[in-house]
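A.B. asks: My structure is stored as run-v4.cif, with mmCIF, C-alpha atoms.
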```cif
data_query
#
loop_
_atom_site.label_atom_id
_atom_site.label_comp_id
_atom_site.auth_asym_id
_atom_site.auth_seq_id
_atom_site.Cartn_x
_atom_site.Cartn_y
_atom_site.Cartn_z
CA MET A 180 -74.15 119.13 60.08
CA GLY A 181 -76.64 116.46 61.15
CA ARG A 182 -75.71 112.92 62.15
CA LYS A 183 -76.82 111.48 58.80
CA SER A 184 -74.89 114.12 56.86
CA ALA A 185 -71.84 113.49 59.00
CA LYS A 186 -72.01 109.76 58.25
CA ILE A 187 -72.34 110.44 54.52
CA ALA A 188 -69.39 112.83 54.62
CA ALA A 189 -67.29 110.31 56.55
CA ARG A 190 -68.16 107.55 54.09
CA LYS A 191 -67.31 109.79 51.13
CA GLY A 192 -64.04 110.74 52.80
CA ALA A 193 -63.13 107.08 53.23
CA GLN A 194 -64.03 106.33 49.60
CA ASP A 195 -61.96 109.28 48.39
CA LYS A 196 -59.01 108.06 50.42
CA ILE A 197 -59.26 104.57 48.91
CA ARG A 198 -59.57 106.07 45.42
CA GLY A 199 -56.51 108.22 46.08
CA GLN A 200 -54.53 105.15 47.14
CA VAL A 201 -55.56 103.31 43.97
CA PHE A 202 -54.51 106.31 41.88
CA THR A 203 -51.14 106.44 43.65
CA LYS A 204 -50.40 102.78 42.92
CA ILE A 205 -51.40 103.07 39.25
CA LEU A 206 -49.41 106.27 38.74
CA PHE A 207 -46.40 104.58 40.28
CA GLU A 208 -46.77 101.74 37.74
CA ILE A 209 -46.87 104.30 34.92
CA THR A 210 -43.74 106.08 36.16
CA ARG A 211 -41.86 102.82 36.63
CA ALA A 212 -42.85 101.56 33.16
CA VAL A 213 -41.67 104.80 31.54
CA LYS A 214 -38.39 104.72 33.45
CA SER A 215 -37.74 101.18 32.24
CA HIS A 216 -38.91 101.26 28.62
CA GLY A 217 -39.82 104.80 27.54
CA ASP A 218 -43.03 106.75 27.07
CA ASP A 219 -44.35 105.19 23.84
CA PRO A 220 -47.21 102.80 24.72
CA THR A 221 -47.05 101.21 21.27
CA THR A 222 -43.63 99.76 22.10
CA ASN A 223 -43.85 99.73 25.91
CA PHE A 224 -46.04 96.79 26.90
CA LEU A 225 -46.07 97.53 30.65
CA LEU A 226 -46.93 101.18 30.05
CA ARG A 227 -49.83 100.07 27.85
CA VAL A 228 -51.12 97.86 30.67
CA ALA A 229 -50.75 100.66 33.24
CA LEU A 230 -52.46 103.24 31.02
CA ASN A 231 -55.34 100.82 30.41
CA LYS A 232 -55.69 100.36 34.16
CA ALA A 233 -55.61 104.15 34.65
CA ARG A 234 -58.45 104.63 32.16
CA GLN A 235 -60.55 101.93 33.81
CA ASN A 236 -60.13 103.66 37.19
CA ASN A 237 -60.77 107.16 35.83
CA VAL A 238 -57.36 108.50 36.81
CA PRO A 239 -57.24 112.18 35.71
CA LYS A 240 -55.22 112.84 32.55
CA ASP A 241 -53.16 115.56 34.27
CA ASN A 242 -52.02 113.01 36.87
CA ILE A 243 -51.11 110.53 34.15
CA ASP A 244 -49.13 113.16 32.26
CA ARG A 245 -47.20 114.10 35.42
CA ALA A 246 -46.42 110.43 36.08
CA ILE A 247 -45.06 110.03 32.54
CA LYS A 248 -43.01 113.22 32.88
CA SER A 249 -41.62 111.96 36.18
CA GLY A 250 -40.62 108.70 34.50
CA LEU A 251 -38.78 110.62 31.79
CA GLY A 252 -36.82 112.73 34.28
CA ASN A 253 -33.08 112.16 34.33
CA ASP A 254 -32.31 113.74 37.67
CA GLY A 255 -33.29 110.65 39.67
CA ASP A 256 -36.01 110.67 42.28
CA GLY A 257 -34.07 108.77 44.93
CA TYR A 258 -36.66 105.97 45.14
CA SER A 259 -35.63 102.36 45.65
CA ASP A 260 -37.53 99.10 46.05
CA VAL A 261 -37.34 97.68 49.58
CA PHE A 262 -38.95 94.45 50.77
CA TYR A 263 -40.12 93.58 54.29
CA GLU A 264 -41.09 90.19 55.69
CA GLY A 265 -42.95 89.29 58.84
CA TYR A 266 -45.73 87.31 60.46
CA GLY A 267 -49.30 88.24 61.21
CA ALA A 268 -51.57 86.73 63.83
CA GLY A 269 -51.42 82.94 63.94
CA GLY A 270 -48.05 82.83 62.16
CA VAL A 271 -49.41 83.94 58.77
CA GLY A 272 -46.59 84.96 56.43
CA ILE A 273 -46.76 88.59 55.24
CA PHE A 274 -44.45 89.86 52.47
CA VAL A 275 -44.46 93.62 51.79
CA GLU A 276 -43.08 95.34 48.68
CA THR A 277 -42.39 99.07 49.00
CA SER A 278 -40.88 101.89 46.97
CA THR A 279 -39.37 104.63 49.10
CA ASN A 280 -37.06 107.61 49.13
CA ASN A 281 -36.72 107.43 52.90
CA VAL A 282 -36.00 103.95 54.24
CA THR A 283 -35.93 105.17 57.85
CA ARG A 284 -39.49 106.49 57.52
CA THR A 285 -40.71 103.39 55.74
CA ILE A 286 -39.32 100.78 58.10
CA ALA A 287 -40.66 102.71 61.09
CA SER A 288 -44.09 102.77 59.49
CA ILE A 289 -44.02 99.09 58.52
CA ARG A 290 -42.86 98.07 62.00
CA TYR A 291 -45.67 100.16 63.52
CA HIS A 292 -48.32 98.45 61.36
CA PHE A 293 -47.06 94.99 62.36
CA SER A 294 -46.81 95.73 66.09
CA ARG A 295 -50.21 97.46 66.21
CA ASN A 296 -51.99 94.62 64.42
CA HIS A 297 -50.85 91.45 66.20
CA GLY A 298 -47.84 90.94 63.93
CA THR A 299 -44.06 90.75 64.09
CA LEU A 300 -41.62 92.18 61.56
CA GLY A 301 -39.00 89.58 60.64
CA ASN A 302 -35.54 89.55 59.11
CA ALA A 303 -34.86 89.80 55.39
CA GLY A 304 -35.11 86.37 53.78
CA SER A 305 -37.16 84.85 56.58
CA LEU A 306 -40.09 84.08 54.24
CA GLN A 307 -38.23 83.06 51.11
CA PHE A 308 -39.29 79.45 51.61
CA LEU A 309 -42.99 80.44 51.71
CA PHE A 310 -43.34 82.22 48.37
CA ASP A 311 -42.39 81.59 44.74
CA ARG A 312 -41.99 84.51 42.33
CA LYS A 313 -44.35 83.93 39.41
CA SER A 314 -45.41 85.74 36.25
CA VAL A 315 -49.12 86.58 36.41
CA PHE A 316 -51.28 87.95 33.58
CA GLU A 317 -55.00 88.67 33.60
CA VAL A 318 -56.80 88.70 30.25
CA LEU A 319 -60.49 89.41 29.63
CA LYS A 320 -62.23 86.41 28.07
CA ASP A 321 -64.28 88.49 25.61
CA THR A 322 -64.54 86.37 22.44
CA LEU A 323 -61.42 84.28 23.08
CA ASP A 324 -61.78 80.56 22.57
CA GLU A 325 -60.74 78.97 25.87
CA ASP A 326 -59.09 75.88 24.37
CA GLU A 327 -57.18 77.76 21.68
CA PHE A 328 -56.07 80.49 24.07
CA THR A 329 -54.93 77.93 26.65
CA LEU A 330 -52.80 76.14 24.06
CA GLU A 331 -51.25 79.45 22.96
CA MET A 332 -50.33 80.31 26.55
CA ILE A 333 -48.89 76.87 27.28
CA ASP A 334 -46.82 77.17 24.11
CA ALA A 335 -45.48 80.49 25.47
CA GLY A 336 -44.43 78.90 28.76
CA ALA A 337 -47.50 79.24 30.99
CA GLU A 338 -47.76 76.66 33.78
CA ASP A 339 -51.42 77.15 34.62
CA ILE A 340 -54.42 79.04 33.21
CA GLU A 341 -57.42 79.60 35.46
CA VAL A 342 -60.82 80.99 34.54
CA GLU A 343 -62.14 83.54 37.04
CA ASP A 344 -65.42 85.30 36.28
CA ASP A 345 -64.81 87.33 33.11
CA ARG A 346 -61.09 86.65 32.69
CA PHE A 347 -58.25 84.20 32.27
CA VAL A 348 -55.49 84.28 34.88
CA ILE A 349 -52.20 83.00 33.49
CA TYR A 350 -49.37 81.79 35.72
CA GLY A 351 -45.81 81.03 34.71
CA GLU A 352 -42.27 80.96 36.03
CA LYS A 353 -40.62 84.32 36.64
CA ASP A 354 -38.34 83.81 33.62
CA ALA A 355 -41.33 83.14 31.35
CA PHE A 356 -42.66 86.70 31.71
CA GLY A 357 -41.07 87.94 28.48
CA ASP A 358 -42.23 84.97 26.40
CA ILE A 359 -45.82 85.19 27.63
CA GLN A 360 -45.77 88.96 27.07
CA ALA A 361 -44.51 88.46 23.51
CA LYS A 362 -47.21 85.88 22.79
CA LEU A 363 -49.96 88.20 24.04
CA GLU A 364 -48.57 91.02 21.93
CA SER A 365 -48.50 88.78 18.85
CA LEU A 366 -52.18 87.98 19.49
CA GLY A 367 -52.99 91.69 19.79
CA ILE A 368 -54.02 91.32 23.44
CA THR A 369 -53.39 93.93 26.14
CA PRO A 370 -53.93 92.24 29.52
CA GLU A 371 -55.71 93.82 32.45
CA GLU A 372 -52.71 92.94 34.62
CA ALA A 373 -49.14 91.92 33.91
CA THR A 374 -46.89 91.53 36.91
CA LEU A 375 -44.60 89.37 39.01
CA GLU A 376 -46.42 88.04 42.07
CA ARG A 377 -45.27 86.15 45.14
CA ILE A 378 -47.41 83.01 45.18
CA PRO A 379 -47.49 80.97 48.41
CA ASN A 380 -46.25 77.40 48.15
CA THR A 381 -47.54 76.68 51.64
CA TYR A 382 -50.91 77.91 52.89
CA LYS A 383 -52.02 78.40 56.47
CA GLN A 384 -55.51 77.76 57.79
CA VAL A 385 -56.75 80.22 60.41
CA ASP A 386 -59.90 80.73 62.46
CA GLU A 387 -62.22 83.69 61.98
CA THR A 388 -60.67 85.84 64.72
CA THR A 389 -57.15 85.30 63.39
CA PHE A 390 -58.35 86.01 59.86
CA GLU A 391 -59.84 89.36 60.93
CA GLN A 392 -56.64 90.29 62.76
CA CYS A 393 -54.54 89.47 59.71
CA MET A 394 -56.88 91.45 57.44
CA GLN A 395 -56.52 94.49 59.70
CA LEU A 396 -52.74 94.27 59.31
CA ILE A 397 -52.91 93.75 55.55
CA GLU A 398 -55.33 96.64 55.07
CA ALA A 399 -53.15 98.94 57.19
CA LEU A 400 -50.10 98.01 55.12
CA GLU A 401 -51.91 98.45 51.81
CA ALA A 402 -53.05 101.92 52.89
CA ASP A 403 -49.46 103.03 53.49
CA ASP A 404 -48.24 105.42 50.79
CA ASP A 405 -44.87 103.64 50.48
CA VAL A 406 -46.38 100.17 50.05
CA ILE A 407 -46.84 98.82 46.54
CA LYS A 408 -48.05 95.26 47.20
CA VAL A 409 -48.75 92.94 50.12
CA PHE A 410 -48.69 89.14 49.86
CA HIS A 411 -49.85 86.56 52.41
CA ASN A 412 -50.33 82.79 52.67
CA ILE A 413 -53.78 82.56 54.27
CA ASP A 414 -55.76 79.57 53.06
CA SER A 415 -58.99 81.09 51.74
CA GLU A 416 -60.69 77.78 50.94
#
```
Would you mind writing the file's structure down as C-alpha coordinates?
C.D. replies:
Amino acid sequence: MGRKSAKIAARKGAQDKIRGQVFTKILFEITRAVKSHGDDPTTNFLLRVALNKARQNNVPKDNIDRAIKSGLGNDGDGYSDVFYEGYGAGGVGIFVETSTNNVTRTIASIRYHFSRNHGTLGNAGSLQFLFDRKSVFEVLKDTLDEDEFTLEMIDAGAEDIEVEDDRFVIYGEKDAFGDIQAKLESLGITPEEATLERIPNTYKQVDETTFEQCMQLIEALEADDDVIKVFHNIDSE
(Lines of atoms letter the chains of each structure in order from A and count residues from 1; the text may use other names and numbers.)
(Lines give C-alpha, C1' and ligand atoms only; values in the text may rest on other atoms or scores of the structure.)
Protein backbone atom coordinates (compact mmCIF):
# COMPACT_ATOMS: atom_id res chain seq x y z
CA MET A 1 0.00 0.00 0.00
CA GLY A 2 1.42 3.37 -1.04
CA ARG A 3 1.72 6.38 1.26
CA LYS A 4 -1.32 8.08 -0.28
CA SER A 5 -3.42 4.92 0.00
CA ALA A 6 -2.30 4.48 3.59
CA LYS A 7 -3.39 8.03 4.43
CA ILE A 8 -6.78 7.48 2.78
CA ALA A 9 -7.23 4.21 4.68
CA ALA A 10 -6.27 5.87 7.97
CA ARG A 11 -8.68 8.74 7.34
CA LYS A 12 -11.48 6.32 6.48
CA GLY A 13 -10.70 4.31 9.60
CA ALA A 14 -10.96 7.44 11.75
CA GLN A 15 -14.26 8.42 10.10
CA ASP A 16 -15.66 4.93 10.62
CA LYS A 17 -14.68 5.07 14.27
CA ILE A 18 -16.44 8.41 14.73
CA ARG A 19 -19.52 7.08 12.91
CA GLY A 20 -19.50 4.01 15.15
CA GLN A 21 -19.38 6.23 18.25
CA VAL A 22 -22.33 8.28 16.97
CA PHE A 23 -24.28 5.08 16.30
CA THR A 24 -23.52 3.81 19.81
CA LYS A 25 -24.83 6.98 21.45
CA ILE A 26 -28.01 7.03 19.36
CA LEU A 27 -28.70 3.33 19.94
CA PHE A 28 -28.27 3.89 23.65
CA GLU A 29 -30.90 6.65 23.49
CA ILE A 30 -33.28 4.27 21.71
CA THR A 31 -32.77 1.53 24.30
CA ARG A 32 -33.21 3.94 27.19
CA ALA A 33 -36.38 5.43 25.68
CA VAL A 34 -37.90 1.96 25.19
CA LYS A 35 -37.00 0.93 28.73
CA SER A 36 -38.73 4.01 30.10
CA HIS A 37 -41.85 4.31 27.94
CA GLY A 38 -42.22 1.29 25.64
CA ASP A 39 -41.56 0.57 21.98
CA ASP A 40 -44.45 2.46 20.34
CA PRO A 41 -43.08 5.69 18.83
CA THR A 42 -46.59 7.10 18.45
CA THR A 43 -46.91 7.29 22.24
CA ASN A 44 -43.22 7.43 23.19
CA PHE A 45 -41.99 10.96 22.49
CA LEU A 46 -38.33 10.30 23.36
CA LEU A 47 -38.25 7.17 21.21
CA ARG A 48 -39.66 9.19 18.31
CA VAL A 49 -36.86 11.73 18.73
CA ALA A 50 -34.20 9.01 18.92
CA LEU A 51 -35.55 7.16 15.87
CA ASN A 52 -35.60 10.41 13.90
CA LYS A 53 -31.97 11.00 14.87
CA ALA A 54 -31.10 7.42 13.85
CA ARG A 55 -32.63 7.93 10.40
CA GLN A 56 -30.77 11.20 9.90
CA ASN A 57 -27.47 9.47 10.72
CA ASN A 58 -28.20 6.40 8.60
CA VAL A 59 -28.07 3.96 11.50
CA PRO A 60 -28.74 0.45 10.08
CA LYS A 61 -32.25 -0.88 10.72
CA ASP A 62 -30.88 -4.13 12.20
CA ASN A 63 -29.00 -2.11 14.83
CA ILE A 64 -32.13 -0.13 15.64
CA ASP A 65 -34.19 -3.30 15.99
CA ARG A 66 -31.61 -4.81 18.36
CA ALA A 67 -31.61 -1.64 20.46
CA ILE A 68 -35.41 -1.76 20.74
CA LYS A 69 -35.30 -5.46 21.63
CA SER A 70 -32.69 -4.73 24.29
CA GLY A 71 -34.93 -2.03 25.74
CA LEU A 72 -37.81 -4.49 25.95
CA GLY A 73 -35.75 -7.13 27.76
CA ASN A 74 -36.81 -7.88 31.31
CA ASP A 75 -33.66 -9.61 32.50
CA GLY A 76 -31.83 -6.34 33.23
CA ASP A 77 -28.58 -5.40 31.57
CA GLY A 78 -26.81 -4.26 34.72
CA TYR A 79 -26.19 -0.74 33.39
CA SER A 80 -26.40 2.30 35.64
CA ASP A 81 -25.86 6.01 35.13
CA VAL A 82 -22.71 7.31 36.83
CA PHE A 83 -21.48 10.92 36.80
CA TYR A 84 -17.89 12.16 37.09
CA GLU A 85 -16.66 15.69 37.75
CA GLY A 86 -13.24 17.20 37.32
CA TYR A 87 -11.15 20.04 35.98
CA GLY A 88 -9.32 20.41 32.70
CA ALA A 89 -6.36 22.64 31.95
CA GLY A 90 -6.73 26.14 33.35
CA GLY A 91 -9.38 25.06 35.87
CA VAL A 92 -12.10 24.46 33.27
CA GLY A 93 -15.01 22.50 34.76
CA ILE A 94 -15.69 19.15 33.06
CA PHE A 95 -18.83 17.13 33.88
CA VAL A 96 -19.06 13.60 32.43
CA GLU A 97 -22.22 11.49 32.18
CA THR A 98 -21.68 7.75 31.68
CA SER A 99 -23.73 4.56 31.49
CA THR A 100 -21.81 1.48 32.59
CA ASN A 101 -22.10 -2.11 33.69
CA ASN A 102 -18.61 -2.02 35.19
CA VAL A 103 -17.93 1.01 37.38
CA THR A 104 -14.37 -0.13 38.13
CA ARG A 105 -13.54 -0.14 34.41
CA THR A 106 -15.25 3.17 33.79
CA ILE A 107 -13.67 5.17 36.60
CA ALA A 108 -10.24 3.84 35.67
CA SER A 109 -10.80 4.95 32.09
CA ILE A 110 -12.15 8.38 33.07
CA ARG A 111 -9.27 8.96 35.49
CA TYR A 112 -6.80 7.99 32.75
CA HIS A 113 -8.31 10.49 30.29
CA PHE A 114 -8.10 13.31 32.84
CA SER A 115 -4.53 12.56 33.94
CA ARG A 116 -3.27 12.11 30.37
CA ASN A 117 -4.79 15.38 29.17
CA HIS A 118 -3.78 17.98 31.76
CA GLY A 119 -6.84 17.39 33.94
CA THR A 120 -7.76 16.26 37.44
CA LEU A 121 -10.69 14.06 38.39
CA GLY A 122 -12.60 15.58 41.32
CA ASN A 123 -15.03 14.40 43.96
CA ALA A 124 -18.74 13.90 43.37
CA GLY A 125 -20.58 17.19 43.79
CA SER A 126 -17.51 19.35 43.29
CA LEU A 127 -19.01 21.06 40.21
CA GLN A 128 -22.63 21.35 41.27
CA PHE A 129 -22.26 25.11 41.65
CA LEU A 130 -21.02 25.46 38.04
CA PHE A 131 -23.91 23.88 36.14
CA ASP A 132 -27.70 24.12 36.11
CA ARG A 133 -29.79 21.21 34.79
CA LYS A 134 -31.97 22.55 31.98
CA SER A 135 -34.49 21.19 29.48
CA VAL A 136 -33.21 21.68 25.94
CA PHE A 137 -35.15 21.11 22.70
CA GLU A 138 -34.01 21.73 19.14
CA VAL A 139 -36.70 22.29 16.51
CA LEU A 140 -36.18 22.90 12.78
CA LYS A 141 -37.52 26.30 11.74
CA ASP A 142 -39.05 25.03 8.48
CA THR A 143 -42.24 27.08 7.99
CA LEU A 144 -42.74 27.97 11.65
CA ASP A 145 -43.54 31.58 12.40
CA GLU A 146 -40.87 32.75 14.84
CA ASP A 147 -43.10 35.06 16.88
CA GLU A 148 -45.99 32.61 17.17
CA PHE A 149 -43.72 29.69 17.98
CA THR A 150 -41.86 31.72 20.62
CA LEU A 151 -45.13 32.64 22.34
CA GLU A 152 -46.24 28.99 22.31
CA MET A 153 -42.97 27.89 23.94
CA ILE A 154 -43.06 30.63 26.57
CA ASP A 155 -46.63 29.61 27.37
CA ALA A 156 -45.34 26.04 27.90
CA GLY A 157 -42.68 27.20 30.35
CA ALA A 158 -39.65 27.96 28.16
CA GLU A 159 -37.21 30.50 29.61
CA ASP A 160 -35.33 31.31 26.42
CA ILE A 161 -35.63 30.56 22.69
CA GLU A 162 -32.57 31.09 20.51
CA VAL A 163 -32.34 30.96 16.72
CA GLU A 164 -29.31 29.04 15.46
CA ASP A 165 -28.92 28.52 11.72
CA ASP A 166 -31.89 26.37 10.65
CA ARG A 167 -33.40 25.72 14.07
CA PHE A 168 -34.87 27.03 17.29
CA VAL A 169 -33.14 26.03 20.52
CA ILE A 170 -35.54 26.08 23.47
CA TYR A 171 -34.33 26.26 27.07
CA GLY A 172 -36.38 25.73 30.21
CA GLU A 173 -36.11 24.59 33.79
CA LYS A 174 -35.62 20.87 34.35
CA ASP A 175 -39.19 20.53 35.66
CA ALA A 176 -40.59 22.18 32.52
CA PHE A 177 -39.48 19.30 30.27
CA GLY A 178 -42.87 17.56 30.32
CA ASP A 179 -44.87 20.72 29.62
CA ILE A 180 -42.66 21.77 26.71
CA GLN A 181 -42.78 18.21 25.35
CA ALA A 182 -46.58 18.21 25.57
CA LYS A 183 -46.81 21.56 23.78
CA LEU A 184 -44.59 20.35 20.93
CA GLU A 185 -46.67 17.20 20.61
CA SER A 186 -49.88 19.25 20.49
CA LEU A 187 -48.33 21.28 17.64
CA GLY A 188 -47.40 18.08 15.79
CA ILE A 189 -43.68 18.81 16.09
CA THR A 190 -40.99 16.17 16.62
CA PRO A 191 -37.81 17.97 17.70
CA GLU A 192 -34.33 17.13 16.47
CA GLU A 193 -33.20 16.94 20.10
CA ALA A 194 -34.99 16.66 23.42
CA THR A 195 -32.80 16.27 26.47
CA LEU A 196 -31.68 17.52 29.85
CA GLU A 197 -28.41 19.43 29.59
CA ARG A 198 -26.01 20.83 32.16
CA ILE A 199 -25.73 24.52 31.28
CA PRO A 200 -22.85 26.49 32.84
CA ASN A 201 -23.85 29.41 35.04
CA THR A 202 -20.23 30.56 35.18
CA TYR A 203 -17.97 30.58 32.13
CA LYS A 204 -14.19 30.54 32.05
CA GLN A 205 -12.02 32.36 29.53
CA VAL A 206 -8.90 30.50 28.40
CA ASP A 207 -6.01 31.13 26.04
CA GLU A 208 -5.48 29.14 22.84
CA THR A 209 -3.07 26.62 24.36
CA THR A 210 -5.38 25.90 27.28
CA PHE A 211 -8.33 25.62 24.91
CA GLU A 212 -6.52 23.00 22.80
CA GLN A 213 -5.57 21.03 25.92
CA CYS A 214 -9.16 21.05 27.14
CA MET A 215 -10.44 19.98 23.73
CA GLN A 216 -8.05 17.02 23.74
CA LEU A 217 -9.50 15.92 27.07
CA ILE A 218 -13.10 16.43 25.96
CA GLU A 219 -12.55 14.55 22.70
CA ALA A 220 -10.88 11.66 24.54
CA LEU A 221 -13.81 11.46 26.96
CA GLU A 222 -16.42 11.64 24.19
CA ALA A 223 -14.68 8.79 22.36
CA ASP A 224 -14.99 6.51 25.40
CA ASP A 225 -17.64 3.82 24.89
CA ASP A 226 -19.07 4.32 28.40
CA VAL A 227 -19.44 8.10 28.06
CA ILE A 228 -22.82 9.50 27.02
CA LYS A 229 -22.25 13.26 27.30
CA VAL A 230 -19.53 15.71 28.31
CA PHE A 231 -20.22 19.25 29.54
CA HIS A 232 -17.75 22.10 30.11
CA ASN A 233 -17.79 25.80 30.99
CA ILE A 234 -15.32 27.22 28.46
CA ASP A 235 -16.26 30.70 27.29
CA SER A 236 -16.44 30.38 23.51
CA GLU A 237 -17.10 34.06 22.83
A.B. asks: Which residues match the PyMOL selection byres ((chain A and resi 326-331) around 10) in the file above, as a PyMOL selection string?
C.D. replies: chain A and resi 320+323-325+332-337+339-341+347+349+359+362-363+366
A.B. asks: One decimal, Å: what's the distance from atom CA of A:Gly250 over to atom CA of A:His216, could you say?
C.D. replies: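 Distance reported for this atom pair: 9.6 Å.
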A.B. asks: Using only C-alpha atoms, determine which residues lie at most 12 Å from stretch 308-313 of chain A, disregarding the query and same-chain residues fewer than 6 positions distant; provide the list as an NGL selection string.
C.D. replies: :A and (264-266 or 270-275 or 336-339 or 349-356 or 359 or 373-383 or 410-413)
A.B. asks: Box time for stretch 213-227 of chain A: axis-aligned, enclosing all its listed atoms, 3 Å extra on each side; report centre and edge lengths in Å to one decimal, as JSON.
C.D. replies:
```
{"center_x": -43.8, "center_y": 101.8, "center_z": 27.4, "size_x": 18.1, "size_y": 16.0, "size_z": 18.2}
```
A.B. asks: Between atom CA of A:Glu398 and atom CA of A:Asn280, what is the distance, to one decimal in Å?
C.D. replies: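 Distance reported for this atom pair: 22.1 Å.
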A.B. asks: Given the choices A:Leu306, A:Ala287, A:Ala246, A:Val318, which gets closest to A:Lys204 if the distance is worked out from all atoms listed in the file?
C.D. replies: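 The answer is A:Ala246, which sits nearest to A:Lys204.
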A.B. asks: What separation in Å, quoted to one decimal, exists between atom CA of A:Val342 and atom CA of A:Phe224?
C.D. replies: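 So the two atoms, atom CA of A:Val342 and atom CA of A:Phe224, lie 22.9 Å apart.
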A.B. asks: Looking at only C-alpha atoms, which of A:Arg295, A:Ser249, A:Tyr258, A:Ser215 is the one that sits closest to A:Ser278?
C.D. replies: A:Tyr258
A.B. asks: I need the residue nearest A:Thr279 from this list: A:Asp241, A:Asp219, A:Val201, A:Phe207. Use all atoms listed in the file for the distance.
C.D. replies: A:Phe207
A.B. asks: If we count all atoms listed in the file and set the cut-off at 7 Å, which residues sit around stretch 297-303 of chain A, ignoring sequence neighbours fewer than 3 positions away in its own chain? Please answer as a list in words.
C.D. replies: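 Here the answer would be Tyr263, Glu264, Gly265, Tyr266, Gly267, Ala268, Arg290, Phe293, Ser294 and Gln392 of chain A.
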A.B. asks: Hey, what's within 8 Å of A:Asp404 if we count all atoms listed in the file and toss same-chain stuff fewer than 3 positions away? As a PDB file with C-alpha atoms, keeping the file's coordinate frame, please?
C.D. replies:
```
ATOM      1  CA  GLN A 200     -54.530 105.150  47.140  1.00  0.00           C
ATOM      2  CA  THR A 203     -51.140 106.440  43.650  1.00  0.00           C
ATOM      3  CA  GLU A 401     -51.910  98.450  51.810  1.00  0.00           C
ATOM      4  CA  ILE A 407     -46.840  98.820  46.540  1.00  0.00           C
TER       5      ILE A 407
END
```
A.B. asks: Given the choices A:Ala229, A:Glu276, A:Arg211, A:Gly304, which gets closest to A:Lys408 if the distance is worked out from all atoms listed in the file?
C.D. replies: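 Once distances to A:Lys408 are computed over all atoms listed in the file, the minimum belongs to A:Glu276.
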A.B. asks: Would you fill out stretch 339-364 of chain A with N, CA and C atoms and return it as a CSV table (one decimal), keeping the file's coordinate frame?
C.D. replies:
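Output file selection-v2.csv follows:
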```csv
chain,number,residue,atom,x,y,z
A,339,ASP,N,-50.0,77.4,34.2
A,339,ASP,CA,-51.4,77.2,34.6
A,339,ASP,C,-52.3,78.3,34.1
A,340,ILE,N,-53.5,78.0,33.6
A,340,ILE,CA,-54.4,79.0,33.2
A,340,ILE,C,-55.7,78.8,33.9
A,341,GLU,N,-56.2,79.7,34.7
A,341,GLU,CA,-57.4,79.6,35.5
A,341,GLU,C,-58.5,80.5,34.9
A,342,VAL,N,-59.7,80.1,35.0
A,342,VAL,CA,-60.8,81.0,34.5
A,342,VAL,C,-61.5,81.5,35.8
A,343,GLU,N,-61.5,82.9,35.9
A,343,GLU,CA,-62.1,83.5,37.0
A,343,GLU,C,-63.1,84.6,36.5
A,344,ASP,N,-64.4,84.4,36.7
A,344,ASP,CA,-65.4,85.3,36.3
A,344,ASP,C,-65.3,85.6,34.8
A,345,ASP,N,-64.9,86.9,34.5
A,345,ASP,CA,-64.8,87.3,33.1
A,345,ASP,C,-63.4,87.3,32.5
A,346,ARG,N,-62.5,86.6,33.2
A,346,ARG,CA,-61.1,86.6,32.7
A,346,ARG,C,-60.3,85.3,32.9
A,347,PHE,N,-59.2,85.3,32.1
A,347,PHE,CA,-58.2,84.2,32.3
A,347,PHE,C,-57.1,84.7,33.2
A,348,VAL,N,-56.7,83.9,34.1
A,348,VAL,CA,-55.5,84.3,34.9
A,348,VAL,C,-54.4,83.3,34.5
A,349,ILE,N,-53.3,83.8,34.0
A,349,ILE,CA,-52.2,83.0,33.5
A,349,ILE,C,-51.0,83.1,34.4
A,350,TYR,N,-50.5,81.9,34.8
A,350,TYR,CA,-49.4,81.8,35.7
A,350,TYR,C,-48.2,81.1,35.0
A,351,GLY,N,-47.0,81.6,35.3
A,351,GLY,CA,-45.8,81.0,34.7
A,351,GLY,C,-44.6,81.3,35.6
A,352,GLU,N,-43.5,80.7,35.3
A,352,GLU,CA,-42.3,81.0,36.0
A,352,GLU,C,-41.9,82.4,35.8
A,353,LYS,N,-41.1,82.9,36.7
A,353,LYS,CA,-40.6,84.3,36.6
A,353,LYS,C,-39.9,84.6,35.3
A,354,ASP,N,-39.1,83.6,34.9
A,354,ASP,CA,-38.3,83.8,33.6
A,354,ASP,C,-39.2,83.7,32.4
A,355,ALA,N,-40.4,83.3,32.5
A,355,ALA,CA,-41.3,83.1,31.4
A,355,ALA,C,-42.1,84.4,31.1
A,356,PHE,N,-41.9,85.4,31.9
A,356,PHE,CA,-42.7,86.7,31.7
A,356,PHE,C,-42.5,87.2,30.3
A,357,GLY,N,-41.3,87.4,29.8
A,357,GLY,CA,-41.1,87.9,28.5
A,357,GLY,C,-41.7,87.1,27.4
A,358,ASP,N,-41.6,85.8,27.4
A,358,ASP,CA,-42.2,85.0,26.4
A,358,ASP,C,-43.8,85.1,26.4
A,359,ILE,N,-44.4,85.1,27.6
A,359,ILE,CA,-45.8,85.2,27.6
A,359,ILE,C,-46.2,86.6,27.1
A,360,GLN,N,-45.5,87.6,27.5
A,360,GLN,CA,-45.8,89.0,27.1
A,360,GLN,C,-45.7,89.0,25.6
A,361,ALA,N,-44.7,88.4,25.0
A,361,ALA,CA,-44.5,88.5,23.5
A,361,ALA,C,-45.7,87.7,22.8
A,362,LYS,N,-46.1,86.6,23.4
A,362,LYS,CA,-47.2,85.9,22.8
A,362,LYS,C,-48.5,86.7,22.8
A,363,LEU,N,-48.8,87.4,24.0
A,363,LEU,CA,-50.0,88.2,24.0
A,363,LEU,C,-49.9,89.3,23.0
A,364,GLU,N,-48.7,89.9,22.9
A,364,GLU,CA,-48.6,91.0,21.9
A,364,GLU,C,-48.8,90.5,20.5
```
